[in-house]
$ cat target_32.pdb   # PDB, C-alpha atoms
ATOM      1  CA  MET A   1     170.495  85.194 133.555
ATOM      2  CA  ARG A   2     170.443  87.695 136.439
ATOM      3  CA  MET A   3     170.710  91.406 135.729
ATOM      4  CA  ASN A   4     173.130  93.369 137.788
ATOM      5  CA  LYS A   5     172.112  96.665 139.327
ATOM      6  CA  MET A   6     173.436  98.792 136.452
ATOM      7  CA  SER A   7     171.815  96.739 133.717
ATOM      8  CA  LEU A   8     168.474  96.876 135.553
ATOM      9  CA  THR A   9     168.688 100.673 135.681
ATOM     10  CA  SER A  10     169.476 100.812 131.975
ATOM     11  CA  PHE A  11     166.534  98.533 131.256
ATOM     12  CA  ARG A  12     164.132 100.769 133.179
ATOM     13  CA  SER A  13     165.459 103.888 131.439
ATOM     14  CA  ARG A  14     164.983 102.197 128.096
ATOM     15  CA  MET A  15     161.389 101.260 128.921
ATOM     16  CA  LEU A  16     160.650 104.811 130.112
ATOM     17  CA  TYR A  17     162.055 106.152 126.843
ATOM     18  CA  LEU A  18     159.836 103.827 124.846
ATOM     19  CA  LEU A  19     156.766 104.792 126.842
ATOM     20  CA  ILE A  20     157.457 108.491 126.331
ATOM     21  CA  GLY A  21     157.836 107.866 122.636
ATOM     22  CA  VAL A  22     154.379 106.290 122.513
ATOM     23  CA  VAL A  23     152.576 109.230 124.134
ATOM     24  CA  PRO A  24     152.474 111.609 121.126
ATOM     25  CA  VAL A  25     151.174 108.806 118.927
ATOM     26  CA  PHE A  26     148.451 108.046 121.458
ATOM     27  CA  PHE A  27     147.355 111.666 121.638
ATOM     28  CA  GLY A  28     147.686 112.016 117.900
ATOM     29  CA  CYS A  29     144.708 109.698 117.547
ATOM     30  CA  GLN A  30     142.595 112.022 119.696
ATOM     31  CA  THR A  31     141.019 115.360 118.736
ATOM     32  CA  ALA A  32     143.168 118.018 120.403
ATOM     33  CA  THR A  33     141.265 121.007 121.750
ATOM     34  CA  LEU A  34     141.835 124.484 123.091
ATOM     35  CA  ASN A  35     139.886 125.201 126.259
ATOM     36  CA  VAL A  36     139.635 128.802 127.445
ATOM     37  CA  GLN A  37     138.151 129.754 130.785
ATOM     38  CA  THR A  38     138.115 133.243 132.229
ATOM     39  CA  SER A  39     137.269 134.839 135.514
ATOM     40  CA  PRO A  40     134.763 136.381 135.073
ATOM     41  CA  ASP A  41     133.324 134.355 132.203
ATOM     42  CA  GLU A  42     131.446 135.571 129.097
ATOM     43  CA  ALA A  43     134.646 137.070 127.674
ATOM     44  CA  GLU A  44     134.948 137.182 123.869
ATOM     45  CA  VAL A  45     137.768 135.176 122.296
ATOM     46  CA  PHE A  46     139.311 136.049 118.922
ATOM     47  CA  ALA A  47     141.958 134.361 116.756
ATOM     48  CA  VAL A  48     144.220 136.767 114.857
ATOM     49  CA  TYR A  49     146.099 135.323 111.884
ATOM     50  CA  PRO A  50     148.888 137.260 110.122
ATOM     51  CA  GLY A  51     147.475 139.763 107.632
ATOM     52  CA  GLN A  52     143.835 139.070 108.573
ATOM     53  CA  GLN A  53     141.113 140.635 110.678
ATOM     54  CA  PRO A  54     140.378 139.029 114.070
ATOM     55  CA  ALA A  55     138.053 136.014 113.781
ATOM     56  CA  LYS A  56     135.646 135.560 116.677
ATOM     57  CA  LEU A  57     135.752 132.060 118.181
ATOM     58  CA  GLY A  58     133.035 132.551 120.795
ATOM     59  CA  LYS A  59     132.626 133.370 124.477
ATOM     60  CA  THR A  60     134.125 131.747 127.531
ATOM     61  CA  PRO A  61     133.985 129.051 128.708
ATOM     62  CA  LEU A  62     135.113 128.042 125.221
ATOM     63  CA  LYS A  63     136.221 124.763 123.676
ATOM     64  CA  VAL A  64     137.598 124.719 120.119
ATOM     65  CA  GLU A  65     139.209 121.921 118.114
ATOM     66  CA  SER A  66     142.800 122.789 117.308
ATOM     67  CA  GLN A  67     142.388 121.346 113.822
ATOM     68  CA  ALA A  68     139.964 124.162 113.007
ATOM     69  CA  LEU A  69     142.300 126.790 114.466
ATOM     70  CA  PHE A  70     145.216 125.715 112.295
ATOM     71  CA  ALA A  71     143.247 125.457 109.064
ATOM     72  CA  HIS A  72     145.001 128.735 108.204
ATOM     73  CA  PRO A  73     148.619 128.689 107.016
ATOM     74  CA  GLY A  74     151.334 129.576 109.463
ATOM     75  CA  ASP A  75     152.981 128.125 112.537
ATOM     76  CA  SER A  76     151.264 130.345 115.088
ATOM     77  CA  PHE A  77     148.451 132.799 115.681
ATOM     78  CA  LYS A  78     147.509 135.339 118.326
ATOM     79  CA  LEU A  79     144.663 134.788 120.754
ATOM     80  CA  LEU A  80     142.786 137.860 122.044
ATOM     81  CA  VAL A  81     140.473 137.697 125.054
ATOM     82  CA  GLN A  82     138.270 140.754 125.611
ATOM     83  CA  LYS A  83     135.549 141.779 128.044
ATOM     84  CA  GLU A  84     134.071 145.206 128.647
ATOM     85  CA  GLY A  85     135.541 146.796 131.752
ATOM     86  CA  PHE A  86     138.651 144.597 131.654
ATOM     87  CA  PHE A  87     142.041 144.812 129.983
ATOM     88  CA  THR A  88     142.493 142.784 126.783
ATOM     89  CA  GLU A  89     144.612 139.656 127.225
ATOM     90  CA  GLN A  90     146.865 138.468 124.361
ATOM     91  CA  PHE A  91     148.583 135.129 123.843
ATOM     92  CA  LEU A  92     150.835 133.871 121.059
ATOM     93  CA  VAL A  93     149.815 130.273 120.315
ATOM     94  CA  PRO A  94     152.367 128.097 118.465
ATOM     95  CA  LYS A  95     151.159 125.169 116.398
ATOM     96  CA  SER A  96     153.446 122.798 118.283
ATOM     97  CA  LEU A  97     151.393 123.406 121.430
ATOM     98  CA  PHE A  98     148.469 121.439 120.033
ATOM     99  CA  ALA A  99     149.957 117.955 120.214
ATOM    100  CA  ALA A 100     147.478 117.481 123.083
ATOM    101  CA  ASN A 101     144.657 119.346 124.777
ATOM    102  CA  VAL A 102     145.496 122.864 125.952
ATOM    103  CA  LYS A 103     143.700 124.680 128.752
ATOM    104  CA  LEU A 104     143.956 128.395 129.479
ATOM    105  CA  ASP A 105     142.656 129.746 132.787
ATOM    106  CA  ILE A 106     142.709 133.545 132.640
ATOM    107  CA  ALA A 107     142.080 135.863 135.571
ATOM    108  CA  MET A 108     141.169 139.059 133.766
ATOM    109  CA  LYS A 109     142.367 142.366 135.199
ATOM    110  CA  GLU A 110     139.731 145.019 135.752
ATOM    111  CA  ASN A 111     140.189 148.314 133.933
ATOM    112  CA  LYS A 112     139.497 150.877 136.620
ATOM    113  CA  ALA A 113     139.845 153.978 134.446
ATOM    114  CA  PRO A 114     137.611 156.753 135.808
ATOM    115  CA  VAL A 115     134.271 157.181 134.078
ATOM    116  CA  ALA A 116     135.150 160.839 133.470
ATOM    117  CA  CYS A 117     138.180 159.784 131.403
ATOM    118  CA  THR A 118     136.076 157.412 129.320
ATOM    119  CA  GLU A 119     133.489 160.129 128.696
ATOM    120  CA  GLN A 120     136.232 162.591 127.772
ATOM    121  CA  ASP A 121     137.675 160.172 125.216
ATOM    122  CA  ALA A 122     134.224 159.707 123.696
ATOM    123  CA  ALA A 123     133.741 163.490 123.505
ATOM    124  CA  VAL A 124     137.099 164.007 121.780
ATOM    125  CA  GLU A 125     136.237 161.294 119.259
ATOM    126  CA  GLU A 126     132.846 162.865 118.557
ATOM    127  CA  VAL A 127     134.346 166.335 118.036
ATOM    128  CA  ALA A 128     137.037 164.966 115.725
ATOM    129  CA  ARG A 129     134.501 163.034 113.661
ATOM    130  CA  ASN A 130     132.162 166.005 113.230
ATOM    131  CA  VAL A 131     134.999 168.432 112.552
ATOM    132  CA  ALA A 132     136.257 166.155 109.777
ATOM    133  CA  GLN A 133     132.777 166.047 108.257
ATOM    134  CA  ALA A 134     132.413 169.833 108.480
ATOM    135  CA  GLN A 135     135.791 170.289 106.770
ATOM    136  CA  SER A 136     134.741 167.996 103.936
ATOM    137  CA  PHE A 137     131.534 170.047 103.532
ATOM    138  CA  ILE A 138     133.557 173.271 103.368
ATOM    139  CA  GLN A 139     135.866 171.793 100.736
ATOM    140  CA  ALA A 140     132.802 170.761  98.733
ATOM    141  CA  LYS A 141     131.430 174.347  99.120
ATOM    142  CA  ARG A 142     128.470 173.015 101.123
ATOM    143  CA  TYR A 143     128.864 175.832 103.612
ATOM    144  CA  GLU A 144     125.375 175.750 105.121
ATOM    145  CA  GLY A 145     125.701 172.048 105.936
ATOM    146  CA  ALA A 146     129.064 172.711 107.582
ATOM    147  CA  VAL A 147     127.584 175.552 109.640
ATOM    148  CA  ARG A 148     124.758 173.314 110.912
ATOM    149  CA  ILE A 149     127.235 170.681 112.092
ATOM    150  CA  LEU A 150     129.519 173.260 113.702
ATOM    151  CA  LEU A 151     126.742 175.166 115.468
ATOM    152  CA  ASN A 152     125.556 171.909 117.009
ATOM    153  CA  LEU A 153     129.121 171.197 118.152
ATOM    154  CA  SER A 154     129.562 174.694 119.588
ATOM    155  CA  ASP A 155     126.415 174.229 121.701
ATOM    156  CA  ARG A 156     127.656 170.902 123.091
ATOM    157  CA  PHE A 157     131.360 171.739 123.333
ATOM    158  CA  PRO A 158     131.604 175.500 123.852
ATOM    159  CA  ASN A 159     135.293 175.365 124.829
ATOM    160  CA  SER A 160     136.573 173.943 121.547
ATOM    161  CA  SER A 161     138.401 176.704 119.689
ATOM    162  CA  VAL A 162     138.745 174.676 116.483
ATOM    163  CA  VAL A 163     134.949 174.626 116.120
ATOM    164  CA  TYR A 164     134.802 178.443 116.182
ATOM    165  CA  ASP A 165     137.711 178.661 113.749
ATOM    166  CA  LEU A 166     135.861 176.469 111.271
ATOM    167  CA  LEU A 167     132.663 178.445 111.781
ATOM    168  CA  GLY A 168     134.649 181.592 111.047
ATOM    169  CA  ASN A 169     136.011 180.003 107.875
ATOM    170  CA  ALA A 170     132.565 178.887 106.698
ATOM    171  CA  TYR A 171     130.966 182.286 107.332
ATOM    172  CA  TYR A 172     133.923 184.048 105.679
ATOM    173  CA  LEU A 173     133.484 181.953 102.529
ATOM    174  CA  MET A 174     129.746 182.713 102.638
ATOM    175  CA  LYS A 175     130.723 186.424 102.778
ATOM    176  CA  ASP A 176     129.009 186.806 106.168
ATOM    177  CA  LEU A 177     131.916 188.789 107.586
ATOM    178  CA  GLU A 178     130.182 189.833 110.793
ATOM    179  CA  SER A 179     129.475 186.234 111.825
ATOM    180  CA  ALA A 180     132.965 185.217 110.722
ATOM    181  CA  LEU A 181     134.584 187.888 112.922
ATOM    182  CA  GLY A 182     132.439 186.958 115.926
ATOM    183  CA  ASN A 183     133.482 183.299 115.736
ATOM    184  CA  TYR A 184     137.151 184.087 115.168
ATOM    185  CA  GLU A 185     137.079 186.280 118.272
ATOM    186  CA  LYS A 186     135.490 183.459 120.302
ATOM    187  CA  SER A 187     138.244 181.129 119.125
ATOM    188  CA  LEU A 188     140.899 183.685 120.028
ATOM    189  CA  ARG A 189     139.555 184.036 123.570
ATOM    190  CA  LEU A 190     139.952 180.268 124.005
ATOM    191  CA  SER A 191     143.330 180.071 122.238
ATOM    192  CA  PRO A 192     144.944 183.525 122.454
ATOM    193  CA  ASN A 193     148.245 182.323 120.952
ATOM    194  CA  ASN A 194     146.735 181.170 117.662
ATOM    195  CA  SER A 195     148.493 183.477 115.187
ATOM    196  CA  GLU A 196     146.349 182.428 112.193
ATOM    197  CA  THR A 197     143.122 183.256 114.021
ATOM    198  CA  GLN A 198     144.616 186.575 115.145
ATOM    199  CA  ARG A 199     145.517 187.335 111.539
ATOM    200  CA  MET A 200     141.909 186.749 110.416
ATOM    201  CA  VAL A 201     140.562 188.923 113.245
ATOM    202  CA  ASN A 202     142.924 191.762 112.259
ATOM    203  CA  LYS A 203     142.021 191.361 108.594
ATOM    204  CA  LEU A 204     138.269 191.531 109.215
ATOM    205  CA  LYS A 205     138.616 194.471 111.598
ATOM    206  CA  SER A 206     140.618 196.365 108.975
ATOM    207  CA  ILE A 207     137.866 195.685 106.441
ATOM    208  CA  TYR A 208     135.269 197.045 108.867
ATOM    209  CA  SER A 209     137.366 200.126 109.597
ATOM    210  CA  ILE A 210     137.533 200.916 105.877
ATOM    211  CA  ARG A 211     133.825 200.344 105.402
ATOM    212  CA  ALA A 212     132.699 202.261 108.513
ATOM    213  CA  PRO A 213     131.430 205.828 107.813
ATOM    214  CA  ALA A 214     133.444 208.746 109.174
ATOM    215  CA  GLY A 215     132.692 209.556 112.799
ATOM    216  CA  ASN A 216     131.036 206.172 113.373
TER     217      ASN A 216
END

$ encode --input "target_32.pdb" --output "structure tokens"
Amino acid sequence: MRMNKMSLTSFRSRMLYLLIGVVPVFFGCQTATLNVQTSPDEAEVFAVYPGQQPAKLGKTPLKVESQALFAHPGDSFKLLVQKEGFFTEQFLVPKSLFAANVKLDIAMKENKAPVACTEQDAAVEEVARNVAQAQSFIQAKRYEGAVRILLNLSDRFPNSSVVYDLLGNAYYLMKDLESALGNYEKSLRLSPNNSETQRMVNKLKSIYSIRAPAGN
């Protein structure tokens, strides 16, 4: 029996529907993979699962079986791509994406922050770390250890008022009032609006005025 034009169209649509329905089954028999390529290459790739630390997958060009990626519970994870001198790229990867092979081509954007800014950030971090250690020494009454750390910092970062404040505190607790006053005054020259430092300077000067012999 001949098919009219409409029935032929319906037949073709039906066959196309059946073929589309077969595709996921066909790919389901294959090992789906995640392929990550970057420009430039040698970028580090990490998988971040909820509540866990980033897990390193390797460097680009990278090929990973999706079955291994979704061994963790959850319907998605975050992909981080990092390379020194470039901005970090982030992607949210849903589990449904891995019905077939997935390929990511990433053109990484160069981080053109001035070297001076990078060095400044490193200096701030170093000062903060050593200041925290000096403070813990002072709290533990290990004043000499705190002074060693702070003197080293004052040589390297002579414009940091907090270093001189802490030196003043350490010397004051060691009852070396002359050294304490000298460091408080250095701090005050750098930060003239620091009322607490000004209070300590006034206090130590009043002590010296009481102790000083008449006419001296």

$ resolve_selection --input "target_32.pdb" --expression "the PyMOL selection byres ((chain A and resi 138) around 12)" --output "PyMOL selection string"
chain A and resi 131-137+139-150+166-174

$ residues_around --input "target_32.pdb" --residues "Tyr164 of chain A" --least-positions-apart "6" --cutoff "7 Å" --atoms "only C-alpha atoms" --output "list in words"
Asn183, Tyr184, Lys186 and Ser187 of chain A

$ write_last_selection --input "target_32.pdb" --atoms "C-alpha atoms" --output "mmCIF file, in the coordinates of the input"
data_model
loop_
_atom_site.group_PDB
_atom_site.id
_atom_site.type_symbol
_atom_site.label_atom_id
_atom_site.label_comp_id
_atom_site.auth_asym_id
_atom_site.auth_seq_id
_atom_site.Cartn_x
_atom_site.Cartn_y
_atom_site.Cartn_z
ATOM 1 C CA ASN A 183 133.482 183.299 115.736
ATOM 2 C CA TYR A 184 137.151 184.087 115.168
ATOM 3 C CA LYS A 186 135.490 183.459 120.302
ATOM 4 C CA SER A 187 138.244 181.129 119.125
#

$ atom_distance --input "target_32.pdb" --atom1 "atom CA of Ser195 of chain A" --atom2 "atom CA of Asp165 of chain A"
11.9 Å

$ atom_distance --input "target_32.pdb" --atom1 "atom CA of Asn159 of chain A" --atom2 "atom CA of Lys203 of chain A"
23.8 Å

$ residues_near_point --input "target_32.pdb" --point "(146.7, 138.9, 129.4)" --cutoff "10 Å" --atoms "only C-alpha atoms" --output "PDB file with C-alpha atoms, keeping the file's coordinate frame"
ATOM      1  CA  LEU A  79     144.663 134.788 120.754  1.00  0.00           C
ATOM      2  CA  LEU A  80     142.786 137.860 122.044  1.00  0.00           C
ATOM      3  CA  VAL A  81     140.473 137.697 125.054  1.00  0.00           C
ATOM      4  CA  GLN A  82     138.270 140.754 125.611  1.00  0.00           C
ATOM      5  CA  PHE A  87     142.041 144.812 129.983  1.00  0.00           C
ATOM      6  CA  THR A  88     142.493 142.784 126.783  1.00  0.00           C
ATOM      7  CA  GLU A  89     144.612 139.656 127.225  1.00  0.00           C
ATOM      8  CA  GLN A  90     146.865 138.468 124.361  1.00  0.00           C
ATOM      9  CA  PHE A  91     148.583 135.129 123.843  1.00  0.00           C
ATOM     10  CA  ILE A 106     142.709 133.545 132.640  1.00  0.00           C
ATOM     11  CA  ALA A 107     142.080 135.863 135.571  1.00  0.00           C
ATOM     12  CA  MET A 108     141.169 139.059 133.766  1.00  0.00           C
ATOM     13  CA  LYS A 109     142.367 142.366 135.199  1.00  0.00           C
TER      14      LYS A 109
END

$ closest_residue --input "target_32.pdb" --among "A:Glu178, A:Glu65, A:Glu110, A:Glu185" --to "Glu84 of chain A" --atoms "all atoms listed in the file"
A:Glu110

$ atom_distance --input "target_32.pdb" --atom1 "atom CA of Leu153 of chain A" --atom2 "atom CA of Glu126 of chain A"
9.1 Å

$ residues_around --input "target_32.pdb" --residues "Leu92 of chain A" --least-positions-apart "6" --cutoff "10 Å" --atoms "only C-alpha atoms" --output "ChimeraX atom specification"
/A:47-48,76-80

$ closest_residue --input "target_32.pdb" --among "A:Thr197, A:Leu181, A:Asp176, A:Ala122" --to "Ser161 of chain A" --atoms "only C-alpha atoms"
A:Thr197
